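Q: My structure file entry23.txt, compact mmCIF, C-alpha atoms, is below:
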```txt
# COMPACT_ATOMS: atom_id res chain seq x y z
CA MET L 1 11.55 12.02 3.58
CA ARG L 2 10.68 8.95 5.58
CA ALA L 3 8.21 6.08 5.11
CA ARG L 4 7.69 2.97 7.17
CA LEU L 5 5.34 0.23 8.22
CA THR L 6 4.72 -0.07 11.94
CA GLU L 7 2.68 -1.93 14.53
CA LYS L 8 2.01 1.36 16.34
CA ILE L 9 1.72 4.89 14.90
CA GLY L 10 4.27 7.12 16.64
CA SER L 11 3.97 10.40 18.53
CA LEU L 12 2.53 13.30 16.53
CA ASP L 13 4.40 15.81 18.71
CA GLU L 14 7.70 14.19 17.79
CA LEU L 15 6.71 14.15 14.15
CA VAL L 16 5.95 17.89 14.17
CA ARG L 17 9.27 18.53 15.89
CA GLU L 18 11.10 16.48 13.26
CA LEU L 19 9.38 18.20 10.33
CA LYS L 20 9.95 21.68 11.78
CA GLY L 21 13.60 20.81 12.12
CA SER L 22 14.01 19.73 8.49
CA SER L 23 14.49 23.33 7.27
CA GLU L 24 14.24 26.88 8.53
CA GLU L 25 12.03 27.56 5.53
CA VAL L 26 9.18 25.35 6.87
CA GLY L 27 6.12 27.52 7.58
CA ALA L 28 3.30 24.97 7.27
CA ILE L 29 2.81 21.36 8.36
CA CYS L 30 -0.28 19.37 7.37
CA ILE L 31 -1.00 15.99 8.94
CA PHE L 32 -3.60 13.39 8.05
CA VAL L 33 -4.34 10.66 10.55
CA GLY L 34 -6.54 7.69 9.69
CA VAL L 35 -8.57 6.12 12.51
CA VAL L 36 -10.47 2.81 12.74
CA ARG L 37 -14.18 3.68 12.74
CA GLY L 38 -16.57 1.81 15.03
CA ILE L 39 -19.46 1.66 12.54
CA SER L 40 -18.91 0.95 8.84
CA SER L 41 -21.82 0.80 6.36
CA GLY L 42 -24.14 0.25 9.33
CA LYS L 43 -22.15 -2.67 10.72
CA ARG L 44 -20.39 -2.66 14.07
CA VAL L 45 -16.65 -3.04 13.49
CA LEU L 46 -14.65 -5.26 15.82
CA ARG L 47 -11.22 -4.57 14.29
CA LEU L 48 -9.26 -4.09 11.08
CA GLU L 49 -6.43 -6.38 10.05
CA TYR L 50 -3.68 -4.86 7.89
CA GLU L 51 -1.36 -6.82 5.66
CA ALA L 52 1.40 -5.29 3.54
CA HIS L 53 4.18 -6.33 1.22
CA GLU L 54 6.87 -5.63 3.80
CA LYS L 55 9.66 -4.82 1.35
CA LEU L 56 7.74 -3.22 -1.48
CA ALA L 57 5.30 -1.05 0.50
CA PRO L 58 7.90 1.25 2.15
CA ARG L 59 9.60 1.73 -1.24
CA VAL L 60 6.30 2.67 -2.91
CA LEU L 61 5.44 5.06 -0.04
CA LEU L 62 8.82 6.76 -0.38
CA LYS L 63 8.39 7.06 -4.15
CA LEU L 64 4.99 8.73 -3.64
CA LEU L 65 6.60 11.20 -1.21
CA GLU L 66 9.32 11.99 -3.76
CA GLU L 67 6.65 12.58 -6.43
CA ALA L 68 4.80 14.95 -4.09
CA LYS L 69 8.03 16.84 -3.51
CA VAL L 70 8.66 17.28 -7.22
CA LYS L 71 5.06 18.19 -8.05
CA HIS L 72 4.17 20.45 -5.12
CA GLY L 73 7.52 21.66 -3.89
CA ILE L 74 7.07 20.40 -0.34
CA ILE L 75 10.20 20.52 1.79
CA ASP L 76 9.78 17.30 3.74
CA GLY L 77 7.28 14.48 4.17
CA PHE L 78 6.53 11.42 6.25
CA VAL L 79 4.30 8.37 5.95
CA GLU L 80 3.71 5.75 8.59
CA HIS L 81 1.25 2.89 8.05
CA LYS L 82 -0.04 0.28 10.45
CA VAL L 83 0.37 -3.48 9.89
CA GLY L 84 -1.34 -6.18 11.96
CA PRO L 85 -4.62 -5.98 13.92
CA ALA L 86 -6.06 -2.54 14.80
CA GLY L 87 -8.87 -1.93 17.29
CA VAL L 88 -11.65 0.65 16.99
CA GLY L 89 -10.26 4.15 17.56
CA GLU L 90 -6.67 3.13 16.85
CA LEU L 91 -4.54 5.30 14.56
CA VAL L 92 -3.66 3.36 11.41
CA MET L 93 -2.03 5.82 9.02
CA CYS L 94 -0.17 9.08 9.47
CA VAL L 95 0.79 11.20 6.46
CA ALA L 96 2.51 14.54 7.01
CA VAL L 97 4.01 17.17 4.74
CA ALA L 98 6.02 20.30 5.54
CA SER L 99 6.21 23.23 3.15
CA ARG L 100 6.87 26.96 2.99
CA HIS L 101 3.16 27.89 2.79
CA ARG L 102 -0.15 26.16 3.54
CA ARG L 103 -1.50 25.95 -0.01
CA GLU L 104 1.06 23.47 -1.35
CA ALA L 105 0.87 21.50 1.89
CA PHE L 106 -2.93 21.05 1.62
CA ARG L 107 -2.73 20.04 -2.04
CA ALA L 108 0.18 17.67 -1.55
CA LEU L 109 -1.40 16.01 1.47
CA GLU L 110 -4.73 15.25 -0.21
CA GLU L 111 -3.04 13.81 -3.30
CA LEU L 112 -0.60 11.84 -1.23
CA VAL L 113 -3.30 10.22 0.91
CA ASP L 114 -5.29 9.25 -2.21
CA ALA L 115 -2.18 7.86 -3.91
CA ILE L 116 -1.23 5.80 -0.85
CA LYS L 117 -4.70 4.26 -0.64
CA HIS L 118 -4.65 3.32 -4.33
CA LYS L 119 -1.01 2.44 -5.02
CA ALA L 120 0.78 1.15 -1.92
CA PRO L 121 0.72 -2.67 -1.58
CA ILE L 122 -1.17 -2.58 1.72
CA TRP L 123 -4.53 -4.28 2.31
CA LYS L 124 -7.13 -4.23 5.06
CA LYS L 125 -9.70 -6.72 6.21
CA GLU L 126 -12.67 -5.36 8.11
CA VAL L 127 -13.86 -7.67 10.86
CA THR L 128 -17.44 -6.84 11.87
CA GLU L 129 -20.08 -8.51 14.01
CA GLU L 130 -21.55 -9.87 10.77
CA GLY L 131 -18.37 -11.27 9.27
CA ALA L 132 -14.94 -10.38 7.88
CA TYR L 133 -14.36 -8.78 4.46
CA TRP L 134 -11.33 -7.63 2.48
CA VAL L 135 -11.89 -3.96 1.67
CA GLU L 136 -11.49 -2.71 -1.90
CA ALA L 137 -10.31 0.88 -2.39
CA GLU L 138 -12.92 3.32 -3.69
CA PRO L 139 -12.39 6.94 -4.79
CA GLY L 140 -12.81 9.42 -1.95
CA ARG L 141 -13.12 6.84 0.82
CA MET H 1 13.00 -23.50 -15.11
CA LYS H 2 11.63 -22.94 -11.62
CA VAL H 3 9.71 -19.83 -10.56
CA LYS H 4 8.27 -19.06 -7.14
CA VAL H 5 4.84 -17.38 -7.01
CA ARG H 6 3.67 -15.67 -3.81
CA PHE H 7 0.12 -14.53 -3.06
CA PHE H 8 -0.98 -11.76 -0.72
CA ALA H 9 -4.08 -10.80 1.32
CA ARG H 10 -7.39 -11.70 -0.39
CA LEU H 11 -5.66 -13.59 -3.21
CA LYS H 12 -3.80 -15.75 -0.71
CA GLU H 13 -7.17 -16.84 0.72
CA GLU H 14 -8.85 -17.28 -2.68
CA VAL H 15 -6.01 -19.31 -4.21
CA GLY H 16 -5.52 -21.18 -0.94
CA LEU H 17 -1.73 -20.83 -1.02
CA SER H 18 0.77 -18.29 0.29
CA GLU H 19 3.40 -19.48 -2.18
CA VAL H 20 4.05 -22.17 -4.72
CA GLU H 21 7.01 -23.21 -6.86
CA LEU H 22 6.24 -23.80 -10.54
CA GLU H 23 8.18 -25.72 -13.17
CA LEU H 24 7.73 -23.72 -16.38
CA ASP H 25 8.90 -23.93 -19.99
CA GLU H 26 11.65 -21.50 -20.96
CA GLY H 27 10.20 -18.21 -22.20
CA ALA H 28 6.98 -18.38 -20.16
CA SER H 29 5.52 -14.92 -19.66
CA LEU H 30 4.25 -13.27 -16.52
CA ALA H 31 0.76 -13.22 -18.04
CA ASP H 32 0.91 -17.05 -18.47
CA VAL H 33 1.61 -17.47 -14.76
CA ILE H 34 -1.16 -15.11 -13.69
CA ARG H 35 -3.70 -16.75 -16.00
CA ALA H 36 -2.95 -20.10 -14.38
CA PHE H 37 -4.31 -18.85 -11.05
CA LEU H 38 -6.73 -16.00 -11.63
CA ARG H 39 -9.91 -15.44 -13.59
CA GLU H 40 -9.77 -12.83 -16.38
CA ARG H 41 -11.76 -10.34 -14.30
CA ASP H 42 -9.33 -10.49 -11.38
CA ALA H 43 -6.23 -10.52 -13.56
CA GLY H 44 -6.99 -7.01 -14.86
CA ALA H 45 -6.87 -5.21 -11.51
CA ILE H 46 -4.03 -6.79 -9.59
CA LEU H 47 -0.58 -5.57 -8.58
CA VAL H 48 2.30 -7.72 -9.79
CA ALA H 49 5.99 -7.62 -8.89
CA VAL H 50 8.91 -9.67 -10.16
CA ASN H 51 11.85 -9.95 -7.78
CA GLU H 52 10.23 -7.17 -5.70
CA GLU H 53 9.97 -4.67 -8.57
CA LEU H 54 6.43 -3.65 -9.58
CA VAL H 55 5.47 -4.41 -13.18
CA GLU H 56 3.06 -2.13 -15.08
CA ALA H 57 -0.18 -3.90 -16.08
CA SER H 58 0.53 -3.07 -19.73
CA ASP H 59 3.86 -4.94 -19.57
CA LEU H 60 2.57 -8.25 -18.17
CA ARG H 61 2.52 -9.97 -21.58
CA ASP H 62 6.02 -8.78 -22.46
CA VAL H 63 7.83 -9.85 -19.30
CA ARG H 64 9.56 -13.22 -19.84
CA LEU H 65 10.45 -15.04 -16.65
CA LYS H 66 13.84 -16.52 -15.79
CA ASP H 67 14.85 -19.43 -13.61
CA GLY H 68 14.74 -18.42 -9.94
CA ASP H 69 12.41 -15.45 -10.39
CA VAL H 70 9.98 -14.63 -7.58
CA VAL H 71 6.57 -13.38 -8.75
CA ASP H 72 4.33 -11.56 -6.26
CA VAL H 73 0.62 -11.50 -7.10
CA MET H 74 -1.29 -8.93 -5.05
CA PRO H 75 -4.84 -7.55 -4.93
CA PRO H 76 -5.45 -3.84 -5.65
CA ALA H 77 -4.27 -1.61 -2.82
CA SER H 78 -6.74 -0.94 0.01
CA GLY H 79 -4.67 0.60 2.76
CA GLY H 80 -5.38 3.73 4.75
```
Would you mind writing the file's structure down as structure tokens?

A:
Amino acid sequence: MRARLTEKIGSLDELVRELKGSSEEVGAICIFVGVVRGISSGKRVLRLEYEAHEKLAPRVLLKLLEEAKVKHGIIDGFVEHKVGPAGVGELVMCVAVASRHRREAFRALEELVDAIKHKAPIWKKEVTEEGAYWVEAEPGR
Amino acid sequence: MKVKVRFFARLKEEVGLSEVELELDEGASLADVIRAFLRERDAGAILVAVNEELVEASDLRDVRLKDGDVVDVMPPASGG
């Protein structure tokens, strides 16, 4: 299990290699990647700016991974989250889980992504052509 | 006693400070500190940590601060 804040999301190929290598029992890997959209609620986005509690956020992310392991029986997991400015199209979050079969991987991944958005002390400001706004988390977004 | 309060993201902009040191009476609670800076509406939905340990919202009234504590006051999460 690994969680970290980063200025640049790492290679997905390397991540898959790492998760495959965590156990010979791994038969499924699910990955979610968040991307900065160019249009948000009809406004043209210039960039996002991420701020995090640098010490607390990685600990919360790791705790959420541990909870997913206990609840869904995943074998391994990984979360990487962007901090700092992010341009349109840039990858800003990568969440991955490895499990024996696809079902628990799908379930764990969806719950994990929701939990990260609502519990990890990480915040984003959306900078658009019409102004800059701190985003508040909403269910399903 | 002295307690340091740090603000993050939107709250840092709204309060106009990234951190401040407060001189408090012995036995002051976490809720007292938060009320000093935030409106009731905002105080219900924030994340709070003392010495980098998150505190449950239901425990805010019960947590008594000590000299040298660092209180982090954070908006609700909005990462991803």

Q: Check every residue of chain L for an atom within 6 Å of chain H, counting all atoms listed in the file, and provide those that qualify as a PyMOL selection string.

A: chain L and resi 93+117-124+136-137

Q: Quote the spacing between CA of Arg64 (chain H) and CA of Glu21 (chain H) in Å to one decimal place.

A: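 Distance between the two atoms: 16.6 Å.
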
Q: From the options H:Ser18, H:Asp62, H:Ile34, H:Leu24, which residue's atoms come nearest to Ile46 (chain H), counting all atoms listed in the file?

A: H:Ile34

Q: Quick one: everything within 10 Å of Leu46 (chain L), counting only C-alpha atoms, minus sequence neighbours fewer than 5 positions away in the same chain. Send it as a list in words.

A: Val36, Arg37, Gly38, Ile39, Ala86, Gly87, Val88, Glu126, Val127, Thr128, Glu129, Glu130, Gly131 and Ala132 of chain L

Q: So how many Å separate CA of Val20 (chain H) and CA of Val70 (chain H), to one decimal?

A: 10.0 Å

Q: Please, what distance in Å, to one decimal, runs between CA of Arg47 (chain L) and CA of Phe78 (chain L)?

A: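 Those two atoms sit 25.2 Å apart.
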
Q: Mind checking which residues fall within 10 Å of region 4-20 of chain L, counting only C-alpha atoms, ignoring those fewer than 3 positions away in the same chain, and posting them as a PyMOL selection string?

A: chain L and resi 1+23-31+33+50+52-55+57-59+61-62+75-86+90-94+96-99+122

Q: I'd like the neighbourhood of region 65-73 of chain L as a list in words, where a residue qualifies if any of its atoms comes within 7 Å (using all atoms listed in the file), though same-chain residues fewer than 6 positions away should be ignored.

A: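 Returned residues: Met1, Glu104, Ala108 and Leu112 of chain L.
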
Q: If you keep C-alpha atoms, can you produce a file of those selected residues as an mmCIF file, in the coordinates of the input?

A:
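The resulting file, part33.cif, is shown below:
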```
data_model
loop_
_atom_site.group_PDB
_atom_site.id
_atom_site.type_symbol
_atom_site.label_atom_id
_atom_site.label_comp_id
_atom_site.auth_asym_id
_atom_site.auth_seq_id
_atom_site.Cartn_x
_atom_site.Cartn_y
_atom_site.Cartn_z
ATOM 1 C CA MET L 1 11.550 12.020 3.580
ATOM 2 C CA GLU L 104 1.060 23.470 -1.350
ATOM 3 C CA ALA L 108 0.180 17.670 -1.550
ATOM 4 C CA LEU L 112 -0.600 11.840 -1.230
#
```

Q: Find the residues near Ala28 (chain H): any atom within 10 Å, counting all atoms listed in the file, skip ones fewer than 6 places away on the same chain, and give them as a VMD selection string.

A: chain H and resid 1 61 to 66

Q: Keeping only C-alpha atoms, write the selected residues to a file as a tab-separated table (two decimals), in the coordinates of the input.

A:
```
chain	number	residue	atom	x	y	z
H	1	MET	CA	13.00	-23.50	-15.11
H	61	ARG	CA	2.52	-9.97	-21.58
H	62	ASP	CA	6.02	-8.78	-22.46
H	63	VAL	CA	7.83	-9.85	-19.30
H	64	ARG	CA	9.56	-13.22	-19.84
H	65	LEU	CA	10.45	-15.04	-16.65
H	66	LYS	CA	13.84	-16.52	-15.79
```

Q: Env of Val15 (chain H): 9 Å cut, atoms = only C-alpha atoms, seq-sep filter 6 positions within chain, self excluded. Answer as a VMD selection string.

A: chain H and resid 7 37 to 38

Q: Could I get region 11-24 of chain H rebuilt with N, CA and C atoms, written as a compact mmCIF listing (two decimals), keeping the file's coordinate frame?

A:
```
# COMPACT_ATOMS: atom_id res chain seq x y z
N LEU H 11 -6.02 -12.58 -2.21
CA LEU H 11 -5.66 -13.59 -3.21
C LEU H 11 -5.06 -14.83 -2.55
N LYS H 12 -4.37 -14.62 -1.45
CA LYS H 12 -3.80 -15.75 -0.71
C LYS H 12 -4.94 -16.67 -0.23
N GLU H 13 -6.03 -16.05 0.24
CA GLU H 13 -7.17 -16.84 0.72
C GLU H 13 -7.91 -17.49 -0.44
N GLU H 14 -8.08 -16.74 -1.55
CA GLU H 14 -8.85 -17.28 -2.68
C GLU H 14 -8.11 -18.42 -3.37
N VAL H 15 -6.80 -18.26 -3.54
CA VAL H 15 -6.01 -19.31 -4.21
C VAL H 15 -5.76 -20.47 -3.24
N GLY H 16 -5.74 -20.14 -1.94
CA GLY H 16 -5.52 -21.18 -0.94
C GLY H 16 -4.06 -21.51 -0.71
N LEU H 17 -3.17 -20.62 -1.15
CA LEU H 17 -1.73 -20.83 -1.02
C LEU H 17 -1.06 -19.51 -0.68
N SER H 18 0.00 -19.53 0.14
CA SER H 18 0.77 -18.29 0.29
C SER H 18 1.90 -18.27 -0.73
N GLU H 19 2.42 -19.44 -1.09
CA GLU H 19 3.40 -19.48 -2.18
C GLU H 19 3.46 -20.86 -2.78
N VAL H 20 3.95 -20.91 -4.02
CA VAL H 20 4.05 -22.17 -4.72
C VAL H 20 5.23 -22.08 -5.69
N GLU H 21 5.92 -23.21 -5.89
CA GLU H 21 7.01 -23.21 -6.86
C GLU H 21 6.52 -23.91 -8.12
N LEU H 22 6.72 -23.25 -9.27
CA LEU H 22 6.24 -23.80 -10.54
C LEU H 22 7.41 -24.23 -11.41
N GLU H 23 7.20 -25.29 -12.15
CA GLU H 23 8.18 -25.72 -13.17
C GLU H 23 7.59 -25.25 -14.50
N LEU H 24 8.27 -24.32 -15.16
CA LEU H 24 7.73 -23.72 -16.38
C LEU H 24 8.66 -23.95 -17.56
```
